[in-house]
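As provided, target-v6.tsv (TSV, C-alpha atoms) reads as follows.
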chain	number	residue	atom	x	y	z
Q	288	MET	CA	-4.25	35.84	26.40
Q	289	THR	CA	-4.61	38.03	23.30
Q	290	HIS	CA	-2.50	41.18	23.08
Q	291	PRO	CA	-4.83	44.22	23.57
Q	292	TYR	CA	-3.58	45.91	20.36
Q	293	ARG	CA	-3.33	42.80	18.18
Q	294	ARG	CA	-6.26	41.21	16.47
Q	295	ALA	CA	-6.47	37.47	16.95
Q	296	PRO	CA	-6.33	35.44	13.71
Q	297	ALA	CA	-9.58	33.95	12.52
Q	298	ARG	CA	-10.07	30.34	13.55
Q	299	ARG	CA	-10.05	27.94	10.63
Q	300	PRO	CA	-12.43	25.00	10.52
Q	301	ARG	CA	-10.73	21.61	10.69
Q	302	ARG	CA	-9.93	20.33	7.22
Q	303	ARG	CA	-11.54	17.08	6.16
Q	304	LEU	CA	-10.32	14.68	3.54
Q	305	HIS	CA	-12.70	15.03	0.65
Q	306	PRO	CA	-14.36	11.92	-0.77
Q	307	ASP	CA	-12.78	10.64	-3.96
Q	308	ARG	CA	-16.00	10.72	-5.94
Q	309	GLY	CA	-19.74	10.61	-5.49
Q	310	ASN	CA	-21.71	11.14	-2.32
Q	311	VAL	CA	-20.58	9.94	1.09
Q	312	THR	CA	-22.42	6.86	2.37
Q	313	GLU	CA	-21.73	4.57	5.30
Q	314	THR	CA	-20.03	1.27	4.63
Q	315	SER	CA	-22.45	-1.66	4.43
Q	316	VAL	CA	-21.83	-5.36	5.10
Q	317	HIS	CA	-23.52	-8.55	3.96
Q	318	ARG	CA	-22.65	-12.24	3.51
Q	319	GLU	CA	-22.82	-14.51	0.47
Q	320	GLN	CA	-22.50	-18.27	0.07
Q	321	THR	CA	-20.09	-19.24	-2.71
Q	322	GLU	CA	-18.31	-22.41	-3.87
Q	323	THR	CA	-15.39	-21.63	-1.56
Q	324	GLY	CA	-17.62	-21.01	1.46
Q	325	GLU	CA	-18.97	-17.88	3.06
Q	326	THR	CA	-17.84	-14.53	1.64
Q	327	ILE	CA	-18.03	-11.32	3.67
Q	328	VAL	CA	-18.74	-8.27	1.49
Q	329	LEU	CA	-18.03	-4.69	2.62
Q	330	ARG	CA	-19.11	-1.88	0.34
Q	331	ASN	CA	-19.26	1.90	0.16
Q	332	SER	CA	-19.94	4.22	-2.77
Q	333	HIS	CA	-16.30	4.03	-3.91
Q	334	LEU	CA	-15.12	0.45	-3.35
Q	335	GLU	CA	-16.38	-3.09	-2.84
Q	336	LEU	CA	-14.29	-5.46	-0.75
Q	337	ARG	CA	-14.87	-9.22	-0.71
Q	338	LEU	CA	-13.14	-11.42	1.89
Q	339	GLU	CA	-13.34	-14.93	0.47
Q	340	GLY	CA	-12.37	-18.33	1.81
Q	341	GLY	CA	-8.85	-18.74	3.11
Q	342	ALA	CA	-7.08	-15.40	2.95
Q	343	GLN	CA	-8.13	-14.05	-0.44
Q	344	LEU	CA	-9.19	-10.43	-0.57
Q	345	VAL	CA	-10.92	-9.08	-3.70
Q	346	LEU	CA	-11.23	-5.35	-4.47
Q	347	CYS	CA	-13.87	-4.29	-7.00
Q	348	ASP	CA	-14.86	-0.94	-8.44
Q	349	PRO	CA	-18.65	-0.41	-8.13
Q	350	MET	CA	-18.43	1.95	-11.14
Q	351	ASP	CA	-16.77	-0.65	-13.40
Q	352	GLU	CA	-17.58	-4.33	-12.91
Q	353	ARG	CA	-14.62	-5.33	-15.10
Q	354	THR	CA	-12.09	-4.11	-12.53
Q	355	ARG	CA	-11.04	-6.83	-10.10
Q	356	ILE	CA	-7.98	-7.09	-7.82
Q	357	ALA	CA	-7.62	-10.43	-6.00
Q	358	GLY	CA	-4.76	-11.31	-3.69
Q	359	GLY	CA	-3.53	-12.12	-0.23
Q	360	PRO	CA	-0.44	-12.37	2.01
Q	361	LEU	CA	2.76	-14.40	1.55
Q	362	ILE	CA	5.69	-14.93	3.92
Q	363	GLU	CA	9.31	-15.48	2.85
Q	364	LEU	CA	11.38	-17.47	5.34
Q	365	SER	CA	15.17	-17.33	5.48
Q	366	PRO	CA	17.00	-20.30	3.93
Q	367	ALA	CA	17.04	-23.37	6.15
Q	368	ARG	CA	20.37	-24.77	7.29
Q	369	GLY	CA	22.19	-26.18	4.28
Q	370	ALA	CA	19.81	-24.53	1.78
Q	371	ARG	CA	20.69	-21.67	-0.56
Q	372	ARG	CA	17.29	-20.21	-1.34
Q	373	PRO	CA	14.58	-18.76	0.89
Q	374	ARG	CA	11.14	-20.37	1.08
Q	375	THR	CA	7.90	-18.54	0.32
Q	376	VAL	CA	4.81	-19.86	2.11
Q	377	GLY	CA	1.16	-18.91	2.08
Q	378	VAL	CA	-1.96	-19.72	4.05
Q	379	GLY	CA	-2.28	-23.23	5.45
Q	380	LEU	CA	-5.26	-25.58	5.49
Q	381	GLY	CA	-6.05	-25.11	9.16
Q	382	ARG	CA	-9.06	-23.36	10.57
Q	383	THR	CA	-9.64	-19.78	9.51
Q	384	MET	CA	-11.51	-17.49	11.88
Q	385	ALA	CA	-13.13	-14.16	11.00
Q	386	SER	CA	-14.56	-11.64	13.43
Q	387	GLU	CA	-17.78	-9.72	12.96
Q	388	PRO	CA	-17.26	-6.37	11.19
Q	389	GLN	CA	-17.02	-3.55	13.71
Q	390	PRO	CA	-17.21	0.25	13.30
Q	391	PHE	CA	-13.98	2.13	13.91
Q	392	GLU	CA	-12.51	5.63	13.84
Q	393	ASP	CA	-8.83	6.44	13.38
Q	394	ASN	CA	-6.66	9.34	12.15
Q	395	ILE	CA	-7.78	8.82	8.55
Q	396	GLY	CA	-11.54	8.42	8.96
Q	397	THR	CA	-14.39	6.12	9.96
Q	398	GLY	CA	-15.63	2.85	8.53
Q	399	LEU	CA	-15.85	-0.89	9.21
Q	400	LEU	CA	-13.04	-3.10	10.52
Q	401	LEU	CA	-12.71	-6.84	9.97
Q	402	ARG	CA	-10.16	-9.26	11.47
Q	403	ARG	CA	-9.30	-12.69	10.11
Q	404	SER	CA	-6.88	-15.19	11.68
Q	405	PHE	CA	-5.31	-18.06	9.75
Q	406	PRO	CA	-2.31	-20.41	9.99
Q	407	ILE	CA	0.74	-20.25	7.72
Q	408	ALA	CA	1.40	-23.43	5.72
Q	409	VAL	CA	3.77	-26.02	7.24
Q	410	GLN	CA	4.95	-23.57	9.91
Q	411	PRO	CA	4.01	-22.93	13.55
Q	412	LEU	CA	3.06	-19.39	12.53
Q	413	ASN	CA	-0.34	-17.79	12.96
Q	414	SER	CA	-1.36	-14.62	11.15
Q	415	GLU	CA	-3.93	-11.97	11.91
Q	416	TRP	CA	-5.16	-9.80	9.08
Q	417	THR	CA	-6.89	-6.56	10.04
Q	418	ILE	CA	-8.77	-4.88	7.19
Q	419	ARG	CA	-10.33	-1.41	7.33
Q	420	LEU	CA	-12.67	-0.01	4.70
Q	421	TYR	CA	-13.34	3.72	5.06
Q	422	ASP	CA	-16.72	5.35	4.50
Q	423	GLU	CA	-15.44	8.32	2.51
Q	424	HIS	CA	-12.52	6.94	0.51
Q	425	SER	CA	-11.72	4.51	-2.29
Q	426	TYR	CA	-8.97	2.74	-0.37
Q	427	VAL	CA	-8.60	-0.06	2.13
Q	428	ARG	CA	-6.00	-0.37	4.89
Q	429	MET	CA	-4.42	-3.73	5.78
Q	430	ASP	CA	-2.40	-4.65	8.88
Q	431	LEU	CA	-0.70	-8.05	9.05
Q	432	ALA	CA	0.74	-9.58	12.24
Q	433	LEU	CA	2.68	-12.87	12.57
Q	434	HIS	CA	2.83	-14.86	15.81
Q	435	ASN	CA	5.28	-17.69	16.48
Q	436	GLY	CA	3.30	-20.40	18.23
Q	437	GLY	CA	6.09	-22.96	18.09
Q	438	THR	CA	9.01	-23.84	20.36
Q	439	GLU	CA	11.84	-22.76	18.05
Q	440	PRO	CA	12.80	-19.35	16.60
Q	441	ILE	CA	11.82	-18.71	12.96
Q	442	ALA	CA	13.88	-16.43	10.70
Q	443	ILE	CA	11.73	-14.11	8.57
Q	444	ARG	CA	13.35	-12.57	5.49
Q	445	ARG	CA	10.43	-10.70	3.89
Q	446	VAL	CA	6.73	-10.20	4.63
Q	447	PHE	CA	4.26	-9.59	1.79
Q	448	PRO	CA	1.04	-8.14	3.25
Q	449	PHE	CA	-0.59	-8.28	-0.19
Q	450	VAL	CA	0.30	-10.03	-3.46
Q	451	THR	CA	-1.86	-9.95	-6.59
Q	452	GLY	CA	-1.79	-10.67	-10.31
Q	453	SER	CA	0.16	-13.54	-11.86
Q	454	TRP	CA	2.11	-13.97	-8.60
Q	455	TRP	CA	-1.17	-14.92	-6.92
Q	456	GLY	CA	-3.25	-16.63	-9.63
Q	457	ASN	CA	-4.61	-16.41	-13.16
Q	458	GLY	CA	-6.88	-13.44	-13.78
Q	459	ALA	CA	-6.19	-11.93	-10.35
Q	460	LEU	CA	-5.48	-8.40	-11.62
Q	461	ARG	CA	-7.69	-6.59	-14.08
Q	462	LEU	CA	-8.16	-2.83	-14.50
Q	463	GLY	CA	-11.03	-2.04	-16.86
Q	464	GLN	CA	-10.34	-3.84	-20.13
Q	465	ARG	CA	-6.63	-4.37	-19.45
Q	466	GLN	CA	-4.92	-7.44	-17.96
Q	467	ALA	CA	-1.37	-7.03	-19.30
Q	468	ASP	CA	1.24	-4.52	-20.53
Q	469	PHE	CA	0.80	-1.93	-17.80
Q	470	ALA	CA	2.77	1.21	-16.99
Q	471	CYS	CA	3.62	2.56	-13.56
Q	472	TYR	CA	4.72	5.55	-11.52
Q	473	LYS	CA	7.45	4.72	-9.00
Q	474	THR	CA	9.25	6.54	-6.21
Q	475	GLY	CA	12.84	6.35	-5.00
Q	476	TRP	CA	14.34	5.57	-1.62
Q	477	GLN	CA	16.18	8.88	-1.23
Q	478	SER	CA	15.62	12.39	-2.55
Q	479	TRP	CA	18.34	11.79	-5.16
Q	480	SER	CA	16.81	8.46	-6.31
Q	481	TYR	CA	14.69	8.35	-9.47
Q	482	ALA	CA	10.95	8.98	-9.19
Q	483	GLY	CA	8.66	9.14	-12.22
Q	484	GLY	CA	6.60	7.30	-14.79
Q	485	ILE	CA	7.85	4.20	-16.63
Q	486	PRO	CA	6.03	2.99	-19.79
Q	487	ALA	CA	5.23	-0.65	-20.41
Q	488	ARG	CA	8.31	-1.49	-22.49
Q	489	ARG	CA	10.94	0.73	-20.87
Q	490	ALA	CA	13.44	-0.72	-18.39
Q	491	ASP	CA	13.20	0.21	-14.74
Q	492	VAL	CA	15.43	3.07	-13.60
Q	493	ARG	CA	17.42	1.60	-10.72
Q	494	PRO	CA	21.07	0.90	-9.77
Q	495	ARG	CA	23.04	-1.58	-11.85
Q	496	SER	CA	26.10	-1.74	-9.59
Q	497	ARG	CA	26.54	-2.72	-5.95
Q	498	ALA	CA	28.05	0.64	-5.06
Q	499	LEU	CA	25.00	2.55	-6.31
Q	500	ALA	CA	22.59	0.02	-4.75
Q	501	VAL	CA	23.90	1.01	-1.31
Q	502	TRP	CA	22.70	4.56	-1.95
Q	503	HIS	CA	19.49	3.88	-3.85
Q	504	SER	CA	18.10	0.39	-3.10
Q	505	PRO	CA	17.62	-0.94	0.44
Q	506	GLY	CA	16.39	-4.22	-1.07
Q	507	GLY	CA	19.74	-4.97	-2.69
Q	508	LEU	CA	21.06	-4.96	-6.23
Q	509	HIS	CA	18.58	-7.50	-7.64
Q	510	PRO	CA	15.35	-7.64	-5.60
Q	511	GLN	CA	13.49	-10.89	-6.19
Q	512	GLN	CA	9.83	-11.46	-6.95
Q	513	PRO	CA	7.73	-13.20	-4.30
Q	514	VAL	CA	7.86	-16.45	-6.26
Q	515	SER	CA	11.08	-16.56	-8.34
Q	516	GLY	CA	13.14	-14.34	-10.62
Q	517	ARG	CA	14.08	-10.67	-10.47
Q	518	ALA	CA	11.46	-8.00	-10.02
Q	519	ASP	CA	10.59	-5.97	-13.12
Q	520	ILE	CA	9.82	-2.71	-11.25
Q	521	VAL	CA	10.97	-1.80	-7.73
Q	522	SER	CA	9.45	1.22	-6.01
Q	523	ASP	CA	10.05	2.43	-2.46
Q	524	GLY	CA	7.08	3.20	-0.27
Q	525	VAL	CA	4.35	3.59	-2.90
Q	526	LEU	CA	3.58	2.59	-6.51
Q	527	LEU	CA	0.90	3.67	-9.00
Q	528	PHE	CA	0.00	0.85	-11.41
Q	529	GLY	CA	-2.19	1.18	-14.50
Q	530	HIS	CA	-2.16	2.39	-18.10
Q	531	PRO	CA	-2.73	5.79	-19.76
Q	532	SER	CA	-5.65	4.34	-21.73
Q	533	GLU	CA	-7.50	3.41	-18.52
Q	534	PRO	CA	-8.86	6.27	-16.39
Q	535	HIS	CA	-8.58	4.27	-13.17
Q	536	ALA	CA	-5.43	2.80	-11.64
Q	537	LEU	CA	-4.28	0.75	-8.65
Q	538	LEU	CA	-2.16	2.28	-5.88
Q	539	ALA	CA	-0.26	0.41	-3.18
Q	540	GLY	CA	1.56	2.37	-0.49
Q	541	PHE	CA	2.78	1.92	3.07
Q	542	LEU	CA	1.61	4.28	5.81
Q	543	ALA	CA	4.73	3.85	7.98
Q	544	GLN	CA	8.33	2.67	7.61
Q	545	ASP	CA	9.71	3.38	11.05
Q	546	GLN	CA	10.31	-0.32	11.81
Q	547	TRP	CA	10.37	-2.15	8.46
Q	548	MET	CA	11.43	-0.76	5.09
Q	549	GLY	CA	8.65	-1.06	2.53
Q	550	GLN	CA	9.01	-1.73	-1.20
Q	551	ILE	CA	6.45	-2.37	-3.95
Q	552	TYR	CA	7.36	-4.84	-6.72
Q	553	ALA	CA	5.52	-4.99	-10.03
Q	554	ARG	CA	5.50	-6.94	-13.28
Q	555	ARG	CA	4.08	-4.94	-16.17
Q	556	GLY	CA	3.84	-7.53	-18.96
Q	557	HIS	CA	2.14	-10.38	-17.08
Q	558	ALA	CA	0.44	-8.09	-14.60
Q	559	ALA	CA	1.46	-8.60	-10.97
Q	560	LEU	CA	2.08	-6.49	-7.88
Q	561	ALA	CA	3.43	-7.24	-4.40
Q	562	ALA	CA	3.85	-5.06	-1.31
Q	563	CYS	CA	6.94	-6.12	0.64
Q	564	ASN	CA	8.40	-5.43	4.09
Q	565	LEU	CA	12.14	-6.15	4.38
Q	566	ALA	CA	12.48	-8.10	7.64
Q	567	ASP	CA	16.22	-8.73	7.11
Q	568	ASP	CA	16.20	-12.31	8.48
Q	569	TYR	CA	14.51	-11.23	11.70
Q	570	LEU	CA	14.57	-14.03	14.28
Q	571	LEU	CA	11.02	-14.38	15.59
Q	572	GLU	CA	11.26	-16.02	19.01
Q	573	PRO	CA	8.58	-18.41	20.38
Q	574	GLY	CA	5.61	-16.42	21.63
Q	575	GLU	CA	6.80	-13.24	19.88
Q	576	GLN	CA	4.79	-11.23	17.35
Q	577	LEU	CA	5.99	-9.39	14.23
Q	578	THR	CA	3.73	-6.62	12.92
Q	579	ALA	CA	4.16	-5.51	9.31
Q	580	ALA	CA	3.84	-1.87	8.28
Q	581	PRO	CA	0.25	-0.77	7.54
Q	582	LEU	CA	-0.55	-0.91	3.82
Q	583	LEU	CA	-3.00	1.17	1.80
Q	584	LEU	CA	-4.61	-0.17	-1.40
Q	585	ALA	CA	-6.68	2.13	-3.58
Q	586	ILE	CA	-8.58	1.99	-6.88
Q	587	GLY	CA	-9.61	5.25	-8.50
Q	588	PRO	CA	-8.79	8.05	-10.97
Q	589	GLN	CA	-5.07	7.88	-11.63
Q	590	HIS	CA	-4.63	11.66	-11.43
Q	591	ALA	CA	-6.01	11.76	-7.87
Q	592	LEU	CA	-4.66	8.60	-6.21
Q	593	LEU	CA	-1.25	9.92	-5.18
Q	594	THR	CA	-2.84	13.01	-3.65
Q	595	SER	CA	-5.29	10.84	-1.70
Q	596	TYR	CA	-2.42	8.66	-0.51
Q	597	ALA	CA	-0.37	11.69	0.57
Q	598	GLU	CA	-3.30	13.03	2.60
Q	599	ALA	CA	-3.86	9.63	4.26
Q	600	LEU	CA	-0.14	9.35	5.04
Q	601	ALA	CA	-0.13	12.83	6.57
Q	602	ARG	CA	-3.13	11.97	8.74
Q	603	GLN	CA	-1.57	8.67	9.84
Q	604	GLN	CA	1.75	10.32	10.75
Q	605	ARG	CA	0.03	13.34	12.38
Q	606	ALA	CA	1.80	15.77	10.07
Q	607	ARG	CA	1.89	19.41	11.12
Q	608	ARG	CA	-0.82	21.53	9.57
Q	609	ALA	CA	-0.09	24.69	7.64
Q	610	GLY	CA	0.38	27.65	9.97
Q	611	ARG	CA	-2.04	30.52	10.30
Q	612	ALA	CA	-1.37	33.89	8.75
Q	613	GLY	CA	1.33	35.72	10.64
Q	614	GLU	CA	2.73	32.63	12.37
Q	615	ARG	CA	6.39	31.78	11.89
Q	616	GLN	CA	6.63	28.10	10.98
Q	617	ARG	CA	9.97	28.15	9.16
Q	618	PRO	CA	13.15	27.57	11.20
Q	619	ALA	CA	15.42	30.62	11.28
Q	620	HIS	CA	18.27	28.89	9.45
Q	621	VAL	CA	16.19	27.89	6.39
Q	622	ALA	CA	16.29	30.41	3.55
Q	623	PRO	CA	12.91	31.37	2.07
Q	624	ILE	CA	11.98	30.10	-1.38
Q	625	HIS	CA	12.17	32.75	-4.05
Q	626	ALA	CA	8.62	33.78	-4.98
Q	627	THR	CA	9.03	33.42	-8.75
Q	628	ARG	CA	10.80	30.09	-8.46
Q	629	GLY	CA	8.16	28.83	-6.04
Q	630	ARG	CA	5.34	29.65	-8.46
Q	631	ALA	CA	7.15	27.81	-11.24
Q	632	ASP	CA	7.60	24.74	-9.02
Q	633	ARG	CA	3.91	24.72	-8.11
Q	634	ARG	CA	2.92	24.95	-11.79
Q	635	ARG	CA	5.09	21.91	-12.57
Q	636	LEU	CA	3.59	19.90	-9.72
Q	637	SER	CA	0.03	20.64	-10.83
Q	638	SER	CA	0.62	20.07	-14.55
Q	639	GLY	CA	-0.21	16.35	-14.50
Q	640	GLY	CA	3.29	15.04	-13.75
Q	641	ARG	CA	1.83	12.41	-11.42
Q	642	ARG	CA	0.03	10.59	-14.24
Q	643	LEU	CA	1.24	7.31	-15.66
Q	644	ALA	CA	3.85	7.53	-18.40
Q	645	ARG	CA	2.80	7.08	-22.02
Q	646	GLN	CA	4.72	5.14	-24.61
Would you kindly transcribe this structure into structure tokens?
Amino acid sequence: MTHPYRRAPARRPRRRLHPDRGNVTETSVHREQTETGETIVLRNSHLELRLEGGAQLVLCDPMDERTRIAGGPLIELSPARGARRPRTVGVGLGRTMASEPQPFEDNIGTGLLLRRSFPIAVQPLNSEWTIRLYDEHSYVRMDLALHNGGTEPIAIRRVFPFVTGSWWGNGALRLGQRQADFACYKTGWQSWSYAGGIPARRADVRPRSRALAVWHSPGGLHPQQPVSGRADIVSDGVLLFGHPSEPHALLAGFLAQDQWMGQIYARRGHAALAACNLADDYLLEPGEQLTAAPLLLAIGPQHALLTSYAEALARQQRARRAGRAGERQRPAHVAPIHATRGRADRRRLSSGGRRLARQ
């Protein structure tokens, strides 16, 4: 009930996520016959998604036919008894099944959903890949689930919901005219960890001692690439990958980390990127299912991608909306931000600091 001497605040309309560019159109679907079999194509005004034979997903920019991101999932198993190194496996040669695209609506928006099931090579593991393309946005969401269909437990060290570039195949990652020597914008694990742009030829800013790795790197002192060797760039949660000379960039970011820690690995010279969930040698029992954290992939203007990701993350996590005028949202023990200092902080945030670093 409204107080008789107090005017009720005006009701705000619910805020919508704005489209990244162009007019909003519904996502369309059609099928093509290629050398590798049938390809399912989903497309909106911002992004084209091609699900090819096996488990290869291709992202294309309708505004620039040169841009192409091809990749798929990989699984890293813990070392077998007597072995020293883990084993990385991909999709097997068994039967692959794809469902018909279906409309969906979730916290982020509406669009078309596609599921594809496939076996993992030389393992009694089955995977289900759920892919969502939104009507209004230039990003796609991927959910990967592993099911142990065997009779023995399987130890899972890391799950890669999406791997692209030279870690997947030749010519798998191209942004505009560029296929090598990229830059990136990375984030840190904690508030005191480094976050910022890193040019193509500058070393990654991350711990070089075991003591500091405990505080800054949940993946250990020397995180490994999906295939072999140490990762060039390690980012926690989200990574922006591109080059200052190209207006569009690639973003990969997890929408949740409540169960599995998420890291993004990148190679700038020979372009490659991998989204990784740290499973920490999880023992997957027979009949049990492991679900990786949902992953968001986006292609678009580099100055807007992190903002779009932050809005999607807030929607996914049901973040609290800004309070109405007169409402007290701040806990009593938190000191207010000084007005002058707050304006200076906002100017710094809006001054282009989220762009990729130049040389």
Go ahead and compute the interatomic distance for atom CA of Q:Ala580 and atom CA of Q:Phe447, in Å to one decimal.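 Straight-line distance from atom CA of Q:Ala580 to atom CA of Q:Phe447 works out to 10.1 Å.
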At a cut-off of 9 Å, can you tabulate as CSV every residue of stretch 579-608 of chain Q near stretch 322-340 of chain Q together with its closest atom pair and the distance in Å to one decimal, using all atoms listed in the file and ordering rows by chain then number?
residue,atom,partner,partner_atom,distance
Q:Ala585,CA,Q:Leu334,CA,8.6
Q:Ile586,CA,Q:Leu334,CA,7.6
Q:Gly587,CA,Q:His333,CA,8.2
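Closest approach to Q:Gln466 among Q:Glu533, Q:Glu415, Q:Asp491, Q:Glu363: Q:Glu533, based on only C-alpha atoms.
Closest approach to Q:His557 among Q:Pro513, Q:Gly463, Q:Gly452, Q:Pro588: Q:Gly452, based on all atoms listed in the file.
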Which polymer residues have any atom within 10 Å of an atom of Q:Ala442, counting all atoms listed in the file, with same-chain residues fewer than 2 positions away left out, as a short mmCIF file (atom, residue, chain, number, x, y, z; two decimals) with C-alpha atoms, keeping the file's coordinate frame?
data_model
loop_
_atom_site.label_atom_id
_atom_site.label_comp_id
_atom_site.auth_asym_id
_atom_site.auth_seq_id
_atom_site.Cartn_x
_atom_site.Cartn_y
_atom_site.Cartn_z
CA GLU Q 363 9.31 -15.48 2.85
CA LEU Q 364 11.38 -17.47 5.34
CA SER Q 365 15.17 -17.33 5.48
CA PRO Q 366 17.00 -20.30 3.93
CA ALA Q 367 17.04 -23.37 6.15
CA GLU Q 439 11.84 -22.76 18.05
CA PRO Q 440 12.80 -19.35 16.60
CA ARG Q 444 13.35 -12.57 5.49
CA ARG Q 445 10.43 -10.70 3.89
CA ALA Q 566 12.48 -8.10 7.64
CA ASP Q 567 16.22 -8.73 7.11
CA ASP Q 568 16.20 -12.31 8.48
CA TYR Q 569 14.51 -11.23 11.70
CA LEU Q 570 14.57 -14.03 14.28
CA LEU Q 571 11.02 -14.38 15.59
CA GLU Q 572 11.26 -16.02 19.01
#
Which residue, Q:Ala487, Q:Leu592, Q:Leu565, Q:Ala342, has the smallest gap to Q:Thr417 when you use all atoms listed in the file?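 Among Q:Ala487, Q:Leu592, Q:Leu565, Q:Ala342, it is Q:Ala342 that comes nearest to Q:Thr417.
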Contact residues around Q:Gln511 with all atoms listed in the file at 12 Å, ignoring same-chain residues under 2 positions, as a PyMOL selection string: chain Q and resi 363+372-373+375+444-445+506-509+513-521+550-554+561+563+565
Q:Leu583 surroundings by only C-alpha atoms, 8 Å radius, close-in-sequence under 6 positions cut, as a ChimeraX atom specification: /Q:426-429,538-542,596
Selection near Q:Asn435, 6 Å with all atoms listed in the file, sequence-local residues under 5 positions removed, as a PyMOL selection string: chain Q and resi 412+573-575
Prev. selection, C-alpha atoms, output as a PDB file, in the coordinates of the input:
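Now in result33.pdb:
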ATOM      1  CA  LEU Q 412       3.060 -19.390  12.530  1.00  0.00           C
ATOM      2  CA  PRO Q 573       8.580 -18.410  20.380  1.00  0.00           C
ATOM      3  CA  GLY Q 574       5.610 -16.420  21.630  1.00  0.00           C
ATOM      4  CA  GLU Q 575       6.800 -13.240  19.880  1.00  0.00           C
TER       5      GLU Q 575
END
